[in-house]
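*Asks:* Here you go, entry-v2.cif (mmCIF, C-alpha atoms):
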data_data
#
loop_
_atom_site.group_PDB
_atom_site.id
_atom_site.type_symbol
_atom_site.label_atom_id
_atom_site.label_comp_id
_atom_site.auth_asym_id
_atom_site.auth_seq_id
_atom_site.Cartn_x
_atom_site.Cartn_y
_atom_site.Cartn_z
ATOM 1 C CA MET A 1 24.371 -3.889 2.560
ATOM 2 C CA ASP A 2 23.648 -3.162 -1.078
ATOM 3 C CA ASP A 3 20.390 -2.467 -2.915
ATOM 4 C CA ILE A 4 19.691 -6.166 -3.563
ATOM 5 C CA ASP A 5 20.086 -6.960 0.143
ATOM 6 C CA LYS A 6 17.644 -4.154 0.952
ATOM 7 C CA MET A 7 15.147 -5.508 -1.578
ATOM 8 C CA LEU A 8 15.486 -9.026 -0.140
ATOM 9 C CA ILE A 9 14.855 -7.720 3.373
ATOM 10 C CA GLY A 10 11.768 -5.853 2.154
ATOM 11 C CA LEU A 11 10.426 -8.957 0.444
ATOM 12 C CA LEU A 12 11.017 -11.096 3.523
ATOM 13 C CA GLN A 13 9.284 -8.519 5.721
ATOM 14 C CA GLU A 14 6.234 -8.747 3.449
ATOM 15 C CA ASP A 15 6.206 -12.564 3.463
ATOM 16 C CA ALA A 16 8.971 -14.574 5.106
ATOM 17 C CA THR A 17 7.567 -17.840 3.722
ATOM 18 C CA GLN A 18 8.631 -17.082 0.138
ATOM 19 C CA SER A 19 10.931 -19.595 -1.464
ATOM 20 C CA TYR A 20 14.478 -18.588 -2.314
ATOM 21 C CA ALA A 21 13.575 -19.140 -5.979
ATOM 22 C CA ALA A 22 10.746 -16.589 -5.693
ATOM 23 C CA LEU A 23 12.971 -14.149 -3.801
ATOM 24 C CA GLY A 24 15.708 -14.531 -6.388
ATOM 25 C CA ALA A 25 13.306 -14.024 -9.284
ATOM 26 C CA ALA A 26 11.975 -10.839 -7.676
ATOM 27 C CA VAL A 27 15.448 -9.285 -7.431
ATOM 28 C CA GLY A 28 17.054 -10.752 -10.556
ATOM 29 C CA LEU A 29 19.086 -13.535 -8.926
ATOM 30 C CA SER A 30 19.012 -17.309 -8.897
ATOM 31 C CA GLY A 31 17.410 -19.027 -5.942
ATOM 32 C CA GLY A 32 20.830 -20.188 -4.773
ATOM 33 C CA ALA A 33 22.267 -16.672 -4.909
ATOM 34 C CA ALA A 34 19.263 -15.308 -2.988
ATOM 35 C CA HIS A 35 19.703 -18.048 -0.369
ATOM 36 C CA GLU A 36 23.376 -17.177 0.044
ATOM 37 C CA ARG A 37 22.615 -13.478 0.455
ATOM 38 C CA VAL A 38 19.925 -14.178 3.069
ATOM 39 C CA ARG A 39 22.342 -16.516 4.898
ATOM 40 C CA LYS A 40 24.923 -13.715 5.010
ATOM 41 C CA LEU A 41 22.325 -11.216 6.250
ATOM 42 C CA ARG A 42 21.541 -13.637 9.084
ATOM 43 C CA GLU A 43 25.231 -14.215 9.777
ATOM 44 C CA ARG A 44 25.840 -10.452 10.016
ATOM 45 C CA GLY A 45 22.894 -10.048 12.393
ATOM 46 C CA LEU A 46 20.683 -7.934 10.130
ATOM 47 C CA ILE A 47 18.053 -10.678 10.108
ATOM 48 C CA ARG A 48 17.754 -11.863 13.690
ATOM 49 C CA ARG A 49 14.928 -14.351 13.290
ATOM 50 C CA THR A 50 12.005 -15.393 11.138
ATOM 51 C CA THR A 51 8.627 -15.339 12.846
ATOM 52 C CA VAL A 52 4.899 -14.923 12.248
ATOM 53 C CA GLU A 53 2.767 -11.887 12.989
ATOM 54 C CA ILE A 54 -0.112 -12.709 15.332
ATOM 55 C CA ASP A 55 -3.414 -10.816 15.520
ATOM 56 C CA ALA A 56 -3.429 -9.978 19.232
ATOM 57 C CA ALA A 57 -7.214 -9.635 19.504
ATOM 58 C CA ALA A 58 -7.807 -12.953 17.720
ATOM 59 C CA ALA A 59 -5.264 -14.555 20.071
ATOM 60 C CA GLY A 60 -7.214 -13.327 23.111
ATOM 61 C CA ARG A 61 -4.940 -10.369 23.953
ATOM 62 C CA PRO A 62 -6.938 -7.292 22.852
ATOM 63 C CA VAL A 63 -5.729 -4.921 25.610
ATOM 64 C CA LEU A 64 -2.557 -3.042 24.704
ATOM 65 C CA ALA A 65 -0.876 -0.730 27.190
ATOM 66 C CA TYR A 66 2.365 1.171 27.494
ATOM 67 C CA VAL A 67 3.720 1.450 31.002
ATOM 68 C CA MET A 68 6.294 3.989 32.117
ATOM 69 C CA VAL A 69 8.216 2.515 35.025
ATOM 70 C CA ASP A 70 10.178 4.606 37.489
ATOM 71 C CA GLY A 71 12.677 3.328 39.986
ATOM 72 C CA ASN A 72 14.567 4.388 43.046
ATOM 73 C CA THR A 73 17.768 3.070 41.480
ATOM 74 C CA TRP A 74 19.275 2.432 38.026
ATOM 75 C CA MET A 75 16.747 0.208 36.260
ATOM 76 C CA GLY A 76 19.085 -1.164 33.593
ATOM 77 C CA GLY A 77 19.487 -4.389 35.549
ATOM 78 C CA THR A 78 15.810 -5.320 35.542
ATOM 79 C CA ALA A 79 15.683 -6.931 32.102
ATOM 80 C CA GLU A 80 15.506 -10.544 33.288
ATOM 81 C CA ALA A 81 12.824 -9.841 35.891
ATOM 82 C CA LEU A 82 10.701 -8.077 33.278
ATOM 83 C CA ARG A 83 11.381 -10.787 30.669
ATOM 84 C CA ALA A 84 9.899 -13.300 33.146
ATOM 85 C CA ILE A 85 6.507 -11.555 32.842
ATOM 86 C CA PRO A 86 5.140 -13.081 29.609
ATOM 87 C CA GLU A 87 2.586 -10.332 28.965
ATOM 88 C CA ILE A 88 5.429 -7.814 28.517
ATOM 89 C CA GLU A 89 6.293 -7.751 24.813
ATOM 90 C CA GLU A 90 8.999 -5.073 24.921
ATOM 91 C CA ALA A 91 11.012 -3.243 27.560
ATOM 92 C CA HIS A 92 13.225 -0.216 26.944
ATOM 93 C CA VAL A 93 15.501 1.944 29.099
ATOM 94 C CA ILE A 94 14.465 5.506 28.249
ATOM 95 C CA ALA A 95 15.439 9.105 28.819
ATOM 96 C CA GLY A 96 12.529 11.237 29.936
ATOM 97 C CA PRO A 97 9.851 11.183 32.618
ATOM 98 C CA ALA A 98 10.517 7.547 33.615
ATOM 99 C CA SER A 99 13.334 5.014 33.644
ATOM 100 C CA LEU A 100 11.709 2.295 31.528
ATOM 101 C CA LEU A 101 8.959 1.950 28.958
ATOM 102 C CA VAL A 102 7.277 -1.439 28.616
ATOM 103 C CA LYS A 103 4.695 -2.653 26.123
ATOM 104 C CA VAL A 104 2.093 -4.999 27.613
ATOM 105 C CA ARG A 105 -0.691 -7.053 25.990
ATOM 106 C CA THR A 106 -3.354 -8.731 28.097
ATOM 107 C CA SER A 107 -6.764 -10.330 27.767
ATOM 108 C CA SER A 108 -8.497 -7.764 30.002
ATOM 109 C CA THR A 109 -7.930 -4.707 32.149
ATOM 110 C CA ARG A 110 -8.174 -7.011 35.156
ATOM 111 C CA GLU A 111 -5.216 -9.007 33.814
ATOM 112 C CA LEU A 112 -3.390 -5.724 33.090
ATOM 113 C CA GLN A 113 -3.841 -4.792 36.741
ATOM 114 C CA GLU A 114 -2.266 -8.123 37.761
ATOM 115 C CA VAL A 115 0.682 -7.506 35.415
ATOM 116 C CA LEU A 116 1.168 -4.073 37.010
ATOM 117 C CA ARG A 117 1.266 -5.740 40.440
ATOM 118 C CA ARG A 118 4.018 -8.049 39.171
ATOM 119 C CA VAL A 119 5.932 -5.096 37.723
ATOM 120 C CA PHE A 120 5.759 -3.423 41.144
ATOM 121 C CA GLY A 121 7.277 -6.614 42.549
ATOM 122 C CA VAL A 122 10.467 -6.078 40.529
ATOM 123 C CA ASP A 123 13.315 -4.816 42.710
ATOM 124 C CA GLY A 124 13.780 -1.080 42.427
ATOM 125 C CA VAL A 125 10.386 -0.225 40.899
ATOM 126 C CA SER A 126 8.875 2.740 42.716
ATOM 127 C CA ALA A 127 6.074 3.938 40.404
ATOM 128 C CA THR A 128 4.291 3.240 37.141
ATOM 129 C CA GLN A 129 2.151 5.278 34.805
ATOM 130 C CA THR A 130 0.009 3.325 32.359
ATOM 131 C CA VAL A 131 -1.502 4.399 29.046
ATOM 132 C CA VAL A 132 -4.108 2.040 27.587
ATOM 133 C CA VAL A 133 -4.435 2.046 23.793
ATOM 134 C CA LEU A 134 -7.987 2.552 22.524
ATOM 135 C CA GLU A 135 -7.279 2.009 18.821
ATOM 136 C CA THR A 136 -4.178 1.161 16.800
ATOM 137 C CA PHE A 137 -3.937 2.853 13.419
ATOM 138 C CA PHE A 138 -0.958 0.768 12.330
ATOM 139 C CA GLU A 139 2.110 -1.067 13.545
ATOM 140 C CA ARG A 140 5.195 -1.712 11.491
ATOM 141 C CA GLY A 141 8.626 -3.171 11.944
ATOM 142 C CA VAL A 142 11.948 -1.614 11.085
ATOM 143 C CA HIS A 143 11.938 -0.300 7.520
ATOM 144 C CA VAL A 144 15.160 -0.550 5.554
ATOM 145 C CA PRO A 145 15.007 2.179 2.911
ATOM 146 C CA GLY A 146 16.077 1.003 -0.462
ATOM 147 C CA PRO A 147 15.203 0.927 -4.125
ATOM 148 C CA GLN A 148 11.966 -0.456 -5.456
ATOM 149 C CA ARG A 149 12.339 -4.024 -6.661
ATOM 150 C CA PRO A 150 12.439 -4.603 -10.396
ATOM 151 C CA GLY A 151 9.339 -5.411 -12.427
#
Go through the file and emit its structure as structure tokens.
*Replies:*
Amino acid sequence: MDDIDKMLIGLLQEDATQSYAALGAAVGLSGGAAHERVRKLRERGLIRRTTVEIDAAAAGRPVLAYVMVDGNTWMGGTAEALRAIPEIEEAHVIAGPASLLVKVRTSSTRELQEVLRRVFGVDGVSATQTVVVLETFFERGVHVPGPQRPG
């Protein structure tokens, strides 16, 4: 990945709806050349998908919680069971005080409690510890360090 690829990724992270002509102009390439580079970034797996960022509160999901999940067995095989719970946005196998860390968004603490019941229904889960977020200062995706774009 060269500096132009890094600039293209940065531009797409800011606004993935930009045309290839606009992307190309921002990095000193033609629209066709920018399109080809983005295609190759997708092909190589650097860009996995293009999506929109949703305001969770506006979408009716203002409650954010992180749940540490402990198990009485190796929890690495629980991915599909956790994926089946739509309120879970992320799930990670971790080293530390628990086996898994999951990120949950719900409409209310009552719904969060129901999600926790479903998590307890996953084979091998023996305990959870939940931290409810009171305020989010910021969230950001993966940052690819690179040069500032020209102009």
*Asks:* Ranking A:Gly141, A:Ala84, A:Val63, A:Pro97 by minimum distance to A:Glu111 and counting all atoms listed in the file, which one comes first?
*Replies:*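 Once distances to A:Glu111 are computed over all atoms listed in the file, the minimum belongs to A:Val63.
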*Asks:* Between A:Arg48, A:Lys40, A:Arg110, A:Arg105, which residue has the minimum interatomic distance to A:Asp5, considering all atoms listed in the file?
*Replies:*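 Closest to A:Asp5, using all atoms listed in the file: A:Lys40.
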*Asks:* Name the residues that the PyMOL selection byres ((chain A and resi 127) around 7) pulls out of this structure, and write them as an mmCIF file with C-alpha atoms, keeping the file's coordinate frame.
*Replies:*
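The resulting file, out_17.cif, is reproduced below:
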data_model
loop_
_atom_site.group_PDB
_atom_site.id
_atom_site.type_symbol
_atom_site.label_atom_id
_atom_site.label_comp_id
_atom_site.auth_asym_id
_atom_site.auth_seq_id
_atom_site.Cartn_x
_atom_site.Cartn_y
_atom_site.Cartn_z
ATOM 1 C CA VAL A 69 8.216 2.515 35.025
ATOM 2 C CA ASP A 70 10.178 4.606 37.489
ATOM 3 C CA GLY A 71 12.677 3.328 39.986
ATOM 4 C CA VAL A 125 10.386 -0.225 40.899
ATOM 5 C CA SER A 126 8.875 2.740 42.716
ATOM 6 C CA THR A 128 4.291 3.240 37.141
ATOM 7 C CA GLN A 129 2.151 5.278 34.805
#
*Asks:* Using only C-alpha atoms, which of A:Gly31, A:Glu53, A:Met1, A:Val38 sits nearest A:Asp15?
*Replies:*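 Closest candidate: A:Glu53.
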*Asks:* For each of A:Leu82, A:Ala65, A:Ala22, A:Leu12, take the minimum atom-to-atom distance to A:Leu100, counting only C-alpha atoms, then give the residue where this is smallest.
*Replies:* A:Leu82
*Asks:* From the list A:Ile88, A:Ala81, A:Ile94, A:Met68, which residue is nearest A:Val131 when using all atoms listed in the file?
*Replies:* A:Met68
*Asks:* Under the rule that only C-alpha atoms are counted, which of A:Ile85, A:Val132, A:Val27, A:Leu64 is the nearest residue to A:Thr106?
*Replies:* A:Leu64
*Asks:* Could you tell me how far atom CA of A:Val67 lies from atom CA of A:Val142, in Å and to one decimal?
*Replies:*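 Interatomic distance, atom CA of A:Val67 to atom CA of A:Val142: 21.8 Å.
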*Asks:* Report as a PyMOL selection string the full result of the PyMOL selection byres ((chain A and resi 51) around 10) when it is applied to this structure.
*Replies:* chain A and resi 13+16-17+48-50+52-54
*Asks:* Let me see the file: selected residues, C-alpha atoms, as a short mmCIF file (atom, residue, chain, number, x, y, z; two decimals), in the frame of the given file.
*Replies:*
data_model
loop_
_atom_site.label_atom_id
_atom_site.label_comp_id
_atom_site.auth_asym_id
_atom_site.auth_seq_id
_atom_site.Cartn_x
_atom_site.Cartn_y
_atom_site.Cartn_z
CA GLN A 13 9.28 -8.52 5.72
CA ALA A 16 8.97 -14.57 5.11
CA THR A 17 7.57 -17.84 3.72
CA ARG A 48 17.75 -11.86 13.69
CA ARG A 49 14.93 -14.35 13.29
CA THR A 50 12.00 -15.39 11.14
CA VAL A 52 4.90 -14.92 12.25
CA GLU A 53 2.77 -11.89 12.99
CA ILE A 54 -0.11 -12.71 15.33
#
*Asks:* Do a neighbour search on stretch 73-75 of chain A at 7 Å with only C-alpha atoms, toss out local chain neighbours closer than 2 positions, and write the hits as a PyMOL selection string.
*Replies:* chain A and resi 71+77-78+99+124
*Asks:* Mind giving me the straight-line distance from atom CA of A:Glu135 to atom CA of A:Leu11 in Å, one decimal?
*Replies:*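 Atom CA of A:Leu11 lies 27.8 Å from atom CA of A:Glu135.
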*Asks:* Within 12 Å of (5.6, 0.3, 18.7) (coordinates as in the file), grab all the protein and nucleic acid residues, counting all atoms listed in the file, and write them out as a list of chain:residue names.
*Replies:*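 Applying the cut-off with all atoms listed in the file, one gets A:Leu64, A:Ala65, A:Tyr66, A:Glu89, A:Glu90, A:Ala91, A:His92, A:Leu101, A:Val102, A:Lys103, A:Val104, A:Val133, A:Thr136, A:Phe137, A:Phe138, A:Glu139, A:Arg140, A:Gly141, A:Val142.
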